[in-house]
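Text of structure.cif (mmCIF, C-alpha atoms) as supplied:
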data_structure
#
loop_
_atom_site.label_atom_id
_atom_site.label_comp_id
_atom_site.auth_asym_id
_atom_site.auth_seq_id
_atom_site.Cartn_x
_atom_site.Cartn_y
_atom_site.Cartn_z
CA MET A 29 -6.71 27.58 25.48
CA SER A 30 -7.78 23.93 25.42
CA ARG A 31 -8.25 21.99 22.22
CA ARG A 32 -12.03 21.92 22.67
CA SER A 33 -12.15 25.66 23.21
CA SER A 34 -10.00 26.36 20.17
CA ALA A 35 -12.20 24.08 18.05
CA ALA A 36 -15.33 25.91 19.23
CA ALA A 37 -13.70 29.26 18.51
CA ALA A 38 -12.68 28.15 15.01
CA ALA A 39 -16.21 26.87 14.32
CA GLY A 40 -17.69 30.14 15.55
CA LEU A 41 -15.38 32.17 13.31
CA ILE A 42 -16.23 30.07 10.26
CA VAL A 43 -19.98 30.34 10.87
CA ALA A 44 -19.80 34.06 11.61
CA GLY A 45 -17.67 34.74 8.57
CA ALA A 46 -20.01 32.81 6.25
CA VAL A 47 -23.19 34.38 7.65
CA LEU A 48 -21.87 37.95 7.68
CA THR A 49 -20.44 37.63 4.19
CA THR A 50 -23.75 36.31 2.94
CA TYR A 51 -25.79 38.97 4.72
CA PHE A 52 -23.75 41.99 3.65
CA GLY A 53 -23.12 40.57 0.21
CA SER A 54 -26.88 40.04 -0.35
CA TRP A 55 -26.21 36.47 -1.43
CA ALA A 56 -29.41 35.38 0.26
CA GLN A 57 -32.59 37.24 1.10
CA PRO A 58 -32.66 38.56 4.69
CA ALA A 59 -35.68 36.36 5.41
CA ARG A 60 -33.63 33.31 4.47
CA ILE A 61 -30.61 34.00 6.67
CA PHE A 62 -32.05 31.54 9.19
CA GLU A 63 -32.33 28.85 6.50
CA PHE A 64 -28.84 29.64 5.28
CA THR A 65 -27.44 29.32 8.81
CA GLY A 66 -29.23 25.99 9.26
CA LEU A 67 -27.75 24.57 6.06
CA LEU A 68 -24.35 25.95 7.02
CA ALA A 69 -24.47 24.20 10.40
CA ALA A 70 -25.74 21.00 8.75
CA ALA A 71 -22.84 21.03 6.26
CA MET A 72 -20.26 21.53 9.02
CA LEU A 73 -21.80 18.70 11.06
CA ALA A 74 -21.93 16.46 7.99
CA VAL A 75 -18.18 16.68 7.42
CA SER A 76 -17.62 15.61 11.02
CA VAL A 77 -19.28 12.19 10.68
CA ARG A 78 -17.28 9.01 10.34
CA ILE A 79 -17.85 8.30 6.65
CA GLN A 80 -16.53 11.70 5.59
CA GLY A 81 -12.98 10.32 5.79
CA PRO A 82 -13.57 7.35 3.45
CA ALA A 83 -15.51 9.64 1.09
CA ALA A 84 -12.51 11.98 0.84
CA ALA A 85 -10.24 9.06 -0.07
CA ASP A 86 -12.64 7.27 -2.43
CA ARG A 87 -14.71 9.28 -4.91
CA ALA A 88 -17.09 6.34 -5.29
CA ILE A 89 -18.42 7.14 -1.79
CA MET A 90 -20.71 10.13 -1.48
CA ALA A 91 -19.90 12.52 1.34
CA PRO A 92 -23.02 13.49 3.38
CA ALA A 93 -22.03 17.15 3.04
CA PHE A 94 -22.66 16.87 -0.71
CA ILE A 95 -26.45 16.78 -0.12
CA VAL A 96 -26.35 19.96 1.94
CA ILE A 97 -24.08 21.80 -0.50
CA PHE A 98 -26.22 20.82 -3.47
CA ALA A 99 -29.38 21.87 -1.65
CA ALA A 100 -27.77 25.25 -1.00
CA LEU A 101 -26.89 25.52 -4.70
CA MET A 102 -30.54 25.04 -5.69
CA LEU A 103 -31.95 27.16 -2.86
CA PHE A 104 -29.56 30.11 -3.05
CA ASP A 105 -27.34 31.37 -5.81
CA VAL A 106 -23.84 30.10 -6.51
CA ARG A 107 -22.28 32.50 -4.01
CA GLY A 108 -24.32 31.15 -1.11
CA ALA A 109 -23.51 27.56 -2.07
CA THR A 110 -19.84 28.44 -2.42
CA SER A 111 -19.82 29.96 1.05
CA ILE A 112 -21.34 26.81 2.57
CA ALA A 113 -18.99 24.52 0.62
CA ALA A 114 -15.96 26.52 1.77
CA ALA A 115 -17.09 26.43 5.41
CA ALA A 116 -17.60 22.67 5.21
CA ALA A 117 -14.16 22.13 3.66
CA LEU A 118 -12.45 24.28 6.33
CA THR A 119 -14.04 22.37 9.22
CA PRO A 120 -11.85 19.19 9.12
CA GLY A 121 -8.66 21.24 9.17
CA PHE A 122 -9.50 23.98 11.69
CA VAL A 123 -12.28 22.52 13.88
CA THR A 124 -12.11 18.73 14.08
CA ARG A 125 -8.39 18.64 13.16
CA ARG A 126 -8.81 15.40 11.21
CA VAL A 127 -6.60 16.69 8.39
CA SER A 128 -3.82 19.22 8.20
CA TRP A 129 -4.68 22.85 7.58
CA VAL A 130 -2.82 22.71 4.27
CA GLN A 131 -4.99 19.81 3.08
CA SER A 132 -8.07 21.63 4.34
CA LEU A 133 -7.19 24.71 2.27
CA ILE A 134 -6.64 22.51 -0.78
CA ASP A 135 -10.02 20.84 -0.23
CA THR A 136 -11.60 24.28 0.10
CA GLY A 137 -10.25 25.33 -3.29
CA VAL A 138 -11.46 22.10 -4.85
CA ALA A 139 -14.92 22.51 -3.31
CA ILE A 140 -15.25 26.09 -4.55
CA LEU A 141 -14.25 25.18 -8.11
CA ALA A 142 -16.56 22.15 -8.09
CA VAL A 143 -19.52 24.32 -7.03
CA GLN A 144 -18.69 26.82 -9.76
CA ALA A 145 -18.59 24.03 -12.35
CA ALA A 146 -21.94 22.66 -11.13
CA ALA A 147 -23.56 26.12 -11.21
CA LEU A 148 -22.34 26.91 -14.73
CA THR A 149 -23.48 23.52 -15.99
CA HIS A 150 -26.89 23.94 -14.35
CA GLU A 151 -27.40 27.34 -15.94
CA ALA A 152 -26.24 26.19 -19.38
CA THR A 153 -28.38 23.04 -19.29
CA ALA A 154 -31.45 24.92 -18.03
CA ALA A 155 -31.10 27.38 -20.90
CA LEU A 156 -31.02 24.55 -23.45
CA THR A 157 -33.81 22.52 -21.85
CA PRO A 158 -37.37 23.10 -23.14
CA ARG A 159 -39.38 25.43 -20.94
CA MET A 160 -41.48 22.65 -19.45
CA PHE A 161 -41.85 22.51 -15.69
CA LEU A 162 -42.53 18.80 -15.85
CA TRP A 163 -40.49 15.69 -15.25
CA PRO A 164 -38.14 14.58 -16.67
CA TRP A 165 -37.20 18.03 -17.98
CA LEU A 166 -36.87 19.44 -14.47
CA ALA A 167 -34.36 16.72 -13.65
CA VAL A 168 -32.05 17.35 -16.61
CA PRO A 169 -30.26 20.45 -15.19
CA ILE A 170 -29.96 18.77 -11.78
CA VAL A 171 -28.43 15.61 -13.23
CA ALA A 172 -26.03 17.64 -15.36
CA ALA A 173 -24.98 19.74 -12.34
CA VAL A 174 -24.36 16.63 -10.22
CA LEU A 175 -22.19 15.08 -12.92
CA ALA A 176 -20.26 18.33 -13.37
CA TYR A 177 -19.65 18.66 -9.62
CA HIS A 178 -18.50 15.05 -9.29
CA SER A 179 -16.31 15.15 -12.43
CA ALA A 180 -14.68 18.43 -11.40
CA GLN A 181 -13.79 17.03 -7.99
CA SER A 182 -12.25 13.93 -9.53
CA LEU A 183 -10.29 15.95 -12.09
CA LEU A 184 -8.94 18.37 -9.51
CA HIS A 185 -8.04 15.75 -6.89
CA ASP A 186 -6.51 13.19 -9.24
CA LEU A 187 -4.75 15.43 -11.77
CA VAL A 188 -4.50 19.13 -10.91
CA VAL A 189 -3.59 18.89 -7.22
CA PRO A 190 -0.94 16.12 -7.70
CA TYR A 191 0.55 18.08 -10.61
CA VAL A 192 0.79 21.31 -8.60
CA ARG A 193 2.27 19.49 -5.60
CA ARG A 194 4.64 17.56 -7.90
CA GLN A 195 3.29 14.21 -6.88
CA GLY A 196 2.68 11.14 -9.00
CA LEU A 197 -0.39 11.40 -11.18
CA ALA A 198 -3.07 8.75 -10.85
CA ARG A 199 -2.92 6.98 -14.21
CA SER A 200 -6.33 5.39 -13.72
CA TRP A 201 -8.11 8.69 -13.05
CA HIS A 202 -10.14 8.43 -16.26
CA THR A 203 -11.59 5.10 -15.12
CA ARG A 204 -12.50 6.59 -11.74
CA ALA A 205 -13.70 10.00 -12.96
CA LEU A 206 -17.36 9.03 -12.75
CA ALA A 207 -17.00 6.29 -10.14
CA GLY A 208 -19.90 6.56 -7.71
CA TYR A 209 -22.04 8.86 -9.86
CA PRO A 210 -25.25 6.82 -9.21
CA ILE A 211 -25.10 7.46 -5.46
CA HIS A 212 -24.35 11.13 -6.13
CA LEU A 213 -27.42 11.34 -8.36
CA ILE A 214 -29.47 9.92 -5.50
CA GLY A 215 -27.94 12.54 -3.23
CA GLY A 216 -28.95 15.25 -5.73
CA GLY A 217 -32.51 13.92 -5.63
CA ILE A 218 -32.55 14.07 -1.83
CA ALA A 219 -31.26 17.64 -1.99
CA ALA A 220 -34.13 18.53 -4.36
CA VAL A 221 -36.64 17.13 -1.83
CA ILE A 222 -35.07 19.19 0.95
CA VAL A 223 -35.29 22.32 -1.21
CA GLU A 224 -39.00 21.68 -1.91
CA ILE A 225 -39.72 21.34 1.81
CA ILE A 226 -37.92 24.60 2.58
CA ASP A 227 -39.41 26.50 -0.38
CA ARG A 228 -42.99 25.42 0.31
CA ARG A 229 -42.61 25.70 4.09
CA LEU A 230 -43.72 22.08 4.55
CA TRP A 231 -42.37 21.97 8.07
CA SER A 232 -44.85 19.28 9.09
CA LEU A 233 -42.99 16.88 6.79
CA ALA A 234 -39.59 17.82 8.19
CA PRO A 235 -39.63 15.29 11.10
CA VAL A 236 -40.65 12.47 8.74
CA VAL A 237 -38.00 13.37 6.17
CA GLY A 238 -35.42 13.85 8.91
CA THR A 239 -36.14 10.40 10.34
CA LEU A 240 -35.89 8.82 6.89
CA LEU A 241 -32.61 10.63 6.25
CA PHE A 242 -31.20 9.44 9.57
CA LEU A 243 -32.15 5.81 8.88
CA SER A 244 -30.79 6.11 5.34
CA TYR A 245 -27.55 7.48 6.74
CA ARG A 246 -27.20 4.55 9.12
CA LEU A 247 -27.68 2.08 6.28
CA TYR A 248 -25.25 4.00 4.09
CA ALA A 249 -22.68 4.14 6.91
CA ASP A 250 -22.85 0.35 7.27
CA TYR A 251 -22.35 0.04 3.51
CA VAL A 252 -19.31 2.31 3.64
CA VAL A 253 -17.83 0.30 6.53
CA ARG A 254 -18.18 -2.88 4.48
CA LEU A 255 -16.49 -1.16 1.55
CA GLU A 256 -13.62 -0.11 3.80
CA ASP A 257 -13.19 -3.64 5.14
CA GLU A 258 -13.23 -5.06 1.62
CA GLN A 259 -10.69 -2.47 0.47
CA ARG A 260 -8.36 -3.24 3.38
CA ARG A 261 -8.66 -6.96 2.68
CA ARG A 262 -7.79 -6.41 -0.96
CA GLU A 263 -4.82 -4.22 -0.05
CA VAL A 264 -3.46 -6.95 2.21
CA ILE A 265 -4.03 -9.64 -0.42
CA ASP A 266 -2.34 -7.52 -3.09
CA HIS A 267 0.82 -7.42 -0.96
CA LEU A 268 0.79 -11.18 -0.50
CA GLU A 269 1.91 -13.70 -3.06
CA GLN A 270 -1.43 -15.46 -2.70
CA GLY A 271 -4.65 -15.24 -4.65
CA MET A 272 -8.03 -16.96 -4.65
CA SER A 273 -10.28 -18.40 -7.31
CA VAL A 274 -13.57 -20.28 -7.08
CA VAL A 275 -14.58 -23.11 -9.37
CA ASP A 276 -18.30 -23.96 -9.32
CA ARG A 277 -19.75 -27.46 -9.43
CA ASP A 278 -20.01 -27.27 -13.22
CA GLY A 279 -16.25 -26.75 -13.46
CA ARG A 280 -16.49 -23.08 -14.43
CA ILE A 281 -14.41 -20.33 -12.83
CA ALA A 282 -16.76 -18.05 -10.89
CA VAL A 283 -14.21 -15.90 -9.00
CA TRP A 284 -10.73 -14.88 -10.13
CA GLU A 285 -8.93 -12.29 -8.02
CA ASP A 286 -6.73 -9.70 -9.70
CA VAL A 287 -3.61 -10.87 -7.84
CA LEU A 288 -3.78 -14.13 -9.82
CA ALA A 289 -3.18 -12.19 -13.01
CA ARG A 290 0.28 -11.35 -11.66
CA ILE A 291 1.01 -14.82 -10.29
CA LEU A 292 -0.34 -16.92 -13.15
CA ASN A 293 -0.15 -14.46 -16.09
CA CYS A 294 -3.87 -14.93 -16.67
CA SER A 295 -6.32 -12.03 -16.37
CA SER A 296 -9.85 -12.31 -15.02
CA SER A 297 -11.28 -11.71 -18.50
CA GLN A 298 -9.39 -14.79 -19.71
CA ALA A 299 -10.53 -16.95 -16.79
CA LEU A 300 -14.08 -16.10 -15.72
CA GLY A 301 -16.72 -18.38 -17.15
CA ARG A 302 -14.21 -20.88 -18.50
CA SER A 303 -12.96 -24.16 -17.14
CA LEU A 304 -9.69 -24.19 -15.23
CA THR A 305 -7.96 -26.28 -17.89
CA ASP A 306 -9.05 -23.83 -20.61
CA ALA A 307 -7.72 -20.86 -18.65
CA LEU A 308 -4.54 -22.68 -17.55
CA PRO A 309 -3.74 -25.54 -19.94
CA ALA A 310 -0.69 -26.44 -17.82
CA VAL A 311 -2.93 -27.91 -15.08
CA ALA A 312 -4.72 -30.30 -17.43
CA HIS A 313 -2.50 -33.28 -16.62
CA SER A 314 -1.60 -32.31 -13.05
CA GLU A 315 -2.93 -33.70 -9.80
CA LEU A 316 -4.82 -30.44 -9.20
CA SER A 317 -7.65 -31.48 -11.51
CA ARG A 318 -7.99 -34.78 -9.65
CA HIS A 319 -7.94 -33.02 -6.27
CA ILE A 320 -10.71 -30.65 -7.36
CA LYS A 321 -12.87 -33.58 -8.46
CA ASP A 322 -12.22 -35.50 -5.22
CA THR A 323 -12.95 -32.45 -3.04
CA LEU A 324 -16.26 -31.86 -4.83
CA GLU A 325 -17.21 -35.45 -4.04
CA ASP A 326 -16.13 -35.86 -0.40
CA GLY A 327 -15.78 -32.24 0.80
CA LYS A 328 -12.25 -32.70 2.17
CA ARG A 329 -9.47 -30.14 1.90
CA ARG A 330 -6.44 -31.05 -0.21
CA THR A 331 -3.14 -29.39 -1.14
CA VAL A 332 -0.85 -29.52 -4.15
CA ASN A 333 2.57 -28.58 -2.81
CA GLN A 334 4.62 -27.98 -5.97
CA LEU A 335 2.70 -27.28 -9.15
CA ARG A 336 4.83 -26.05 -12.03
CA LEU A 337 3.12 -23.72 -14.49
CA SER A 338 5.18 -22.91 -17.55
CA SER A 339 4.45 -20.07 -19.94
CA ARG A 340 6.33 -18.14 -22.57
CA ALA A 341 7.40 -15.60 -19.97
CA ASP A 342 8.71 -17.91 -17.25
CA THR A 343 7.95 -20.89 -15.06
CA ARG A 344 6.16 -20.40 -11.75
CA ILE A 345 5.95 -22.89 -8.90
CA VAL A 346 2.76 -22.58 -6.86
CA GLN A 347 1.18 -24.27 -3.89
CA VAL A 348 -2.57 -24.71 -4.29
CA SER A 349 -5.01 -25.47 -1.48
CA VAL A 350 -8.35 -26.90 -2.57
CA VAL A 351 -11.01 -25.86 -0.05
CA PRO A 352 -14.69 -26.94 -0.25
CA VAL A 353 -17.23 -24.07 -0.33
CA SER A 354 -20.98 -23.95 -0.92
CA ALA A 355 -20.58 -22.89 -4.56
CA GLY A 356 -17.96 -25.54 -5.37
CA VAL A 357 -14.30 -25.31 -4.40
CA ALA A 358 -12.05 -22.37 -3.57
CA LEU A 359 -8.47 -22.54 -4.81
CA LEU A 360 -5.88 -20.68 -2.73
CA TRP A 361 -2.82 -20.07 -4.91
CA GLN A 362 0.50 -19.21 -3.27
CA ASP A 363 3.59 -18.38 -5.30
CA VAL A 364 6.51 -20.35 -3.85
CA THR A 365 8.84 -19.90 -6.81
CA ASP A 366 11.43 -17.80 -4.98
CA ARG A 367 11.39 -20.08 -1.96
CA MET A 368 11.86 -23.23 -4.02
CA ARG A 369 14.66 -21.63 -6.02
CA ALA A 370 16.40 -20.59 -2.80
CA GLU A 371 16.08 -24.12 -1.42
CA GLN A 372 17.47 -25.59 -4.62
CA GLU A 373 20.38 -23.14 -4.59
CA LEU A 374 21.11 -24.03 -0.96
CA LYS A 375 21.04 -27.72 -1.82
CA ARG A 376 23.43 -27.19 -4.73
CA SER A 377 25.75 -25.18 -2.46
CA GLY A 378 25.77 -28.05 0.03
CA GLU A 379 26.55 -30.53 -2.72
CA ARG A 380 29.43 -28.38 -3.96
CA LEU A 381 30.79 -28.12 -0.41
CA ALA A 382 30.60 -31.89 0.01
CA LEU A 383 32.44 -32.42 -3.29
CA ALA A 384 35.10 -29.94 -2.23
CA ALA A 385 35.53 -31.77 1.08
CA GLU A 386 35.91 -35.12 -0.62
CA GLY A 387 38.63 -33.78 -2.92
CA ALA A 388 40.60 -31.98 -0.21
CA ASN A 389 43.13 -33.36 2.24
CA ASP A 390 41.67 -31.36 5.13
CA GLY A 391 38.81 -32.47 7.29
CA LEU A 392 35.92 -30.07 7.74
CA TRP A 393 34.24 -29.71 11.10
CA GLN A 394 31.23 -27.56 11.97
CA TRP A 395 31.69 -25.97 15.39
CA ASN A 396 29.06 -24.14 17.47
CA LEU A 397 30.77 -21.17 19.10
CA GLN A 398 28.02 -20.75 21.72
CA THR A 399 27.73 -24.36 22.96
CA GLN A 400 31.30 -25.38 22.11
CA GLU A 401 30.00 -28.51 20.43
CA PHE A 402 30.38 -30.18 17.05
CA LEU A 403 27.30 -29.69 14.86
CA ARG A 404 28.50 -31.97 12.09
CA VAL A 405 31.70 -33.81 11.21
CA LEU A 406 32.13 -34.52 7.54
CA PRO A 407 33.43 -37.96 6.60
CA MET A 408 36.97 -36.79 5.87
CA ALA A 409 37.32 -35.28 9.35
CA ARG A 410 35.78 -38.35 10.99
CA ASP A 411 38.22 -40.63 9.22
CA ALA A 412 41.09 -38.36 10.22
CA ARG A 413 40.11 -38.53 13.89
CA LEU A 414 39.76 -42.30 13.80
CA ALA A 415 43.14 -42.62 12.12
CA GLY A 416 44.70 -40.51 14.85
CA ARG A 417 45.80 -37.82 12.41
CA GLY A 418 43.40 -35.24 13.91
CA GLY A 419 41.54 -32.68 11.89
CA GLN A 420 41.84 -29.10 11.03
CA ARG A 421 39.08 -27.28 12.85
CA ARG A 422 37.44 -24.46 11.00
CA THR A 423 35.14 -22.31 13.06
CA GLY A 424 32.30 -20.31 11.62
#

Once more with this new file: its structure as structure tokens, please.
Amino acid sequence: MSRRSSAAAAAGLIVAGAVLTTYFGSWAQPARIFEFTGLLAAAMLAVSVRIQGPAAADRAIMAPAFIVIFAALMLFDVRGATSIAAAAALTPGFVTRRVSWVQSLIDTGVAILAVQAAALTHEATAALTPRMFLWPWLAVPIVAAVLAYHSAQSLLHDLVVPYVRRQGLARSWHTRALAGYPIHLIGGGIAAVIVEIIDRRLWSLAPVVGTLLFLSYRLYADYVVRLEDEQRRREVIDHLEQGMSVVDRDGRIAVWEDVLARILNCSSSQALGRSLTDALPAVAHSELSRHIKDTLEDGKRRTVNQLRLSSRADTRIVQVSVVPVSAGVALLWQDVTDRMRAEQELKRSGERLALAAEGANDGLWQWNLQTQEFLRVLPMARDARLAGRGGQRRTG
């Protein structure tokens, strides 16, 4: 069986299993089996689009399947929504094969628990909300359910799953627990509109809403691509000993990348909005300040090759390029401390070797084994050759 045939067979089994389970389990009214099947197919198609991958890796990005799952939660009961969420989570592992089947099963468990958390929160919030079928009271249970779904996913992915699999826990999970909740709230609102169209049988509006959703998806996909590019750029920069800052024409720091906190021992909170000399007093009497002023005046690029910045922790040697930009100047900081220390150590080793040669009776020759030529003859060996005494050749 070909890969395409096996994928089609897996998709058919998932759809059939979800529909039959829903029909015989009376999770949806028989008249709404068609609507259930449509949402099921939409959810499985949604997890096959390009931005589903970035959404799985970054909780700040909303997966398109979230809209369909949340619409199913409002349109059917929790069992119908759970069935659709499970089918959507199984698709990447058994149909499109974008992830392993183990990861797909893990994602299925996370999706089911997240739907359960959203349903329980929706019911509890609806019971506590005043019985007013008016906005904003109608939105309160929906907002609470969205936050519960999003928080449960973050908790399970960042803490529970790594703990069970004995992997390293994400220490910053609490700062990312609600990352991206605004876009998820927008997705919950779109799901509510879809539910209203289905409930009221407003099929004449379906083409208009579908077109708007398609255009919105294209815009959102472009936004996600830009986020991916920015993330990749930051990952590369973080692995380099180079950071960037921007000083505006008023002399205030407008941009201070996180990598500079490691290089210069100065966090962004200590730098942004301040002058460079206030953030780094060590540059006050250096040529960097003069180069920044000159570059702002004539727009020419300049470089400070060896700038020593001393702090209580240690002393760093950096190379700074001053580049003119529209907002002022960009400073490209490169840590050359290790390189300069290696060069100094090599120089000291050469000096020690020269002192040893001067104090010894032997002449030292440097011989190239490949070309059979002298690379360098130290003075002692040269004098020995001229005196006719010869020299002791040392190869290496």

Mind pulling up the distance from atom CA of Val138 of chain A to atom CA of Leu187 of chain A?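 For atom CA of Leu187 of chain A relative to atom CA of Val138 of chain A, the distance reads 11.7 Å.
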
Please provide as number ranges by chain all residues within 7 Å of segment 88-90 of chain A, with the sequence filter that same-chain residues fewer than 6 positions apart are discarded (counting only C-alpha atoms). A: 207-208, 211-212

Can you pull out every residue within 10 Å of Ala180 of chain A, counting only C-alpha atoms, but drop anything in the same chain fewer than 5 positions away, and send it as a VMD selection string? chain A and resid 138 to 139 141 to 146 174 to 175 185 to 186 205 to 206

Atom pair atom CA of Leu133 of chain A / atom CA of Val188 of chain A: separation (Å):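 Those two atoms sit 14.6 Å apart.
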
For this file, the PyMOL selection byres ((chain A and resi 345) around 8) selects which residues, as a PyMOL selection string? chain A and resi 334-337+343-344+346-347+363-365+368

Counting all atoms listed in the file, figure out which residue out of A:Gly356, A:Pro92, A:Gly45, A:Gly238 gets nearest to Val221 of chain A.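 Smallest separation from Val221 of chain A among the options: A:Gly238.
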
Atom pair atom CA of Ile95 of chain A / atom CA of Leu213 of chain A: separation (Å):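 Atom CA of Leu213 of chain A lies at a distance of 9.9 Å from atom CA of Ile95 of chain A.
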
If the PyMOL selection byres ((chain A and resi 131) around 12) is run on the structure shown, which residues does it catch, given as a list in words?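 Applying the expression gives Ala84, Ala117, Leu118, Thr119, Pro120, Gly121, Phe122, Arg125, Arg126, Val127, Ser128, Trp129, Val130, Ser132, Leu133, Ile134, Asp135, Thr136, Gly137, Val138, His185, Val189 and Arg193 of chain A.
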
Check the smallest atom-to-atom distance from each of A:Gly216, A:Gly108, A:Gly40, A:Pro235 to Tyr177 of chain A using all atoms listed in the file, then report the winner. A:Gly216

Expansion of the PyMOL selection byres ((chain A and resi 109) around 12) into residues, as a JSON list (two decimals) with C-alpha atoms, keeping the file's coordinate frame:
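Below is the file part22.json, written as the result:
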[["chain", "number", "residue", "atom", "x", "y", "z"],
["A", 46, "ALA", "CA", -20.01, 32.81, 6.25],
["A", 47, "VAL", "CA", -23.19, 34.38, 7.65],
["A", 50, "THR", "CA", -23.75, 36.31, 2.94],
["A", 55, "TRP", "CA", -26.21, 36.47, -1.43],
["A", 56, "ALA", "CA", -29.41, 35.38, 0.26],
["A", 64, "PHE", "CA", -28.84, 29.64, 5.28],
["A", 65, "THR", "CA", -27.44, 29.32, 8.81],
["A", 67, "LEU", "CA", -27.75, 24.57, 6.06],
["A", 68, "LEU", "CA", -24.35, 25.95, 7.02],
["A", 71, "ALA", "CA", -22.84, 21.03, 6.26],
["A", 93, "ALA", "CA", -22.03, 17.15, 3.04],
["A", 94, "PHE", "CA", -22.66, 16.87, -0.71],
["A", 95, "ILE", "CA", -26.45, 16.78, -0.12],
["A", 96, "VAL", "CA", -26.35, 19.96, 1.94],
["A", 97, "ILE", "CA", -24.08, 21.80, -0.50],
["A", 98, "PHE", "CA", -26.22, 20.82, -3.47],
["A", 99, "ALA", "CA", -29.38, 21.87, -1.65],
["A", 100, "ALA", "CA", -27.77, 25.25, -1.00],
["A", 101, "LEU", "CA", -26.89, 25.52, -4.70],
["A", 102, "MET", "CA", -30.54, 25.04, -5.69],
["A", 103, "LEU", "CA", -31.95, 27.16, -2.86],
["A", 104, "PHE", "CA", -29.56, 30.11, -3.05],
["A", 105, "ASP", "CA", -27.34, 31.37, -5.81],
["A", 106, "VAL", "CA", -23.84, 30.10, -6.51],
["A", 107, "ARG", "CA", -22.28, 32.50, -4.01],
["A", 108, "GLY", "CA", -24.32, 31.15, -1.11],
["A", 110, "THR", "CA", -19.84, 28.44, -2.42],
["A", 111, "SER", "CA", -19.82, 29.96, 1.05],
["A", 112, "ILE", "CA", -21.34, 26.81, 2.57],
["A", 113, "ALA", "CA", -18.99, 24.52, 0.62],
["A", 114, "ALA", "CA", -15.96, 26.52, 1.77],
["A", 115, "ALA", "CA", -17.09, 26.43, 5.41],
["A", 116, "ALA", "CA", -17.60, 22.67, 5.21],
["A", 139, "ALA", "CA", -14.92, 22.51, -3.31],
["A", 140, "ILE", "CA", -15.25, 26.09, -4.55],
["A", 141, "LEU", "CA", -14.25, 25.18, -8.11],
["A", 142, "ALA", "CA", -16.56, 22.15, -8.09],
["A", 143, "VAL", "CA", -19.52, 24.32, -7.03],
["A", 144, "GLN", "CA", -18.69, 26.82, -9.76],
["A", 145, "ALA", "CA", -18.59, 24.03, -12.35],
["A", 146, "ALA", "CA", -21.94, 22.66, -11.13],
["A", 147, "ALA", "CA", -23.56, 26.12, -11.21]]

Between A:Val311, A:Glu224, A:Leu360, A:Ser244, smallest distance to Val283 of chain A by only C-alpha atoms belongs to A:Leu360

Please write as a PyMOL selection string the list of polymer residues whose atoms come within 6 Å of (-8.1, -16.5, -7.6), counting all atoms listed in the file and keeping to the coordinates of the file. chain A and resi 271-273+284-285+288

Please return the centre and edge lengths, in Å to one decimal, of a box with edges along x, y and z that contains all listed atoms of segment 170-181 of chain A, widened by 3 Å on every side, as AutoDock Vina command-line options.
--center_x -21.9 --center_y 17.4 --center_z -11.7 --size_x 22.2 --size_y 10.7 --size_z 13.4

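For the set A:Glu63, A:Asp257, A:Asp326, A:Asp276, the residue with the smallest atom-to-atom gap to Leu359 of chain A is A:Asp276, counting all atoms listed in the file.
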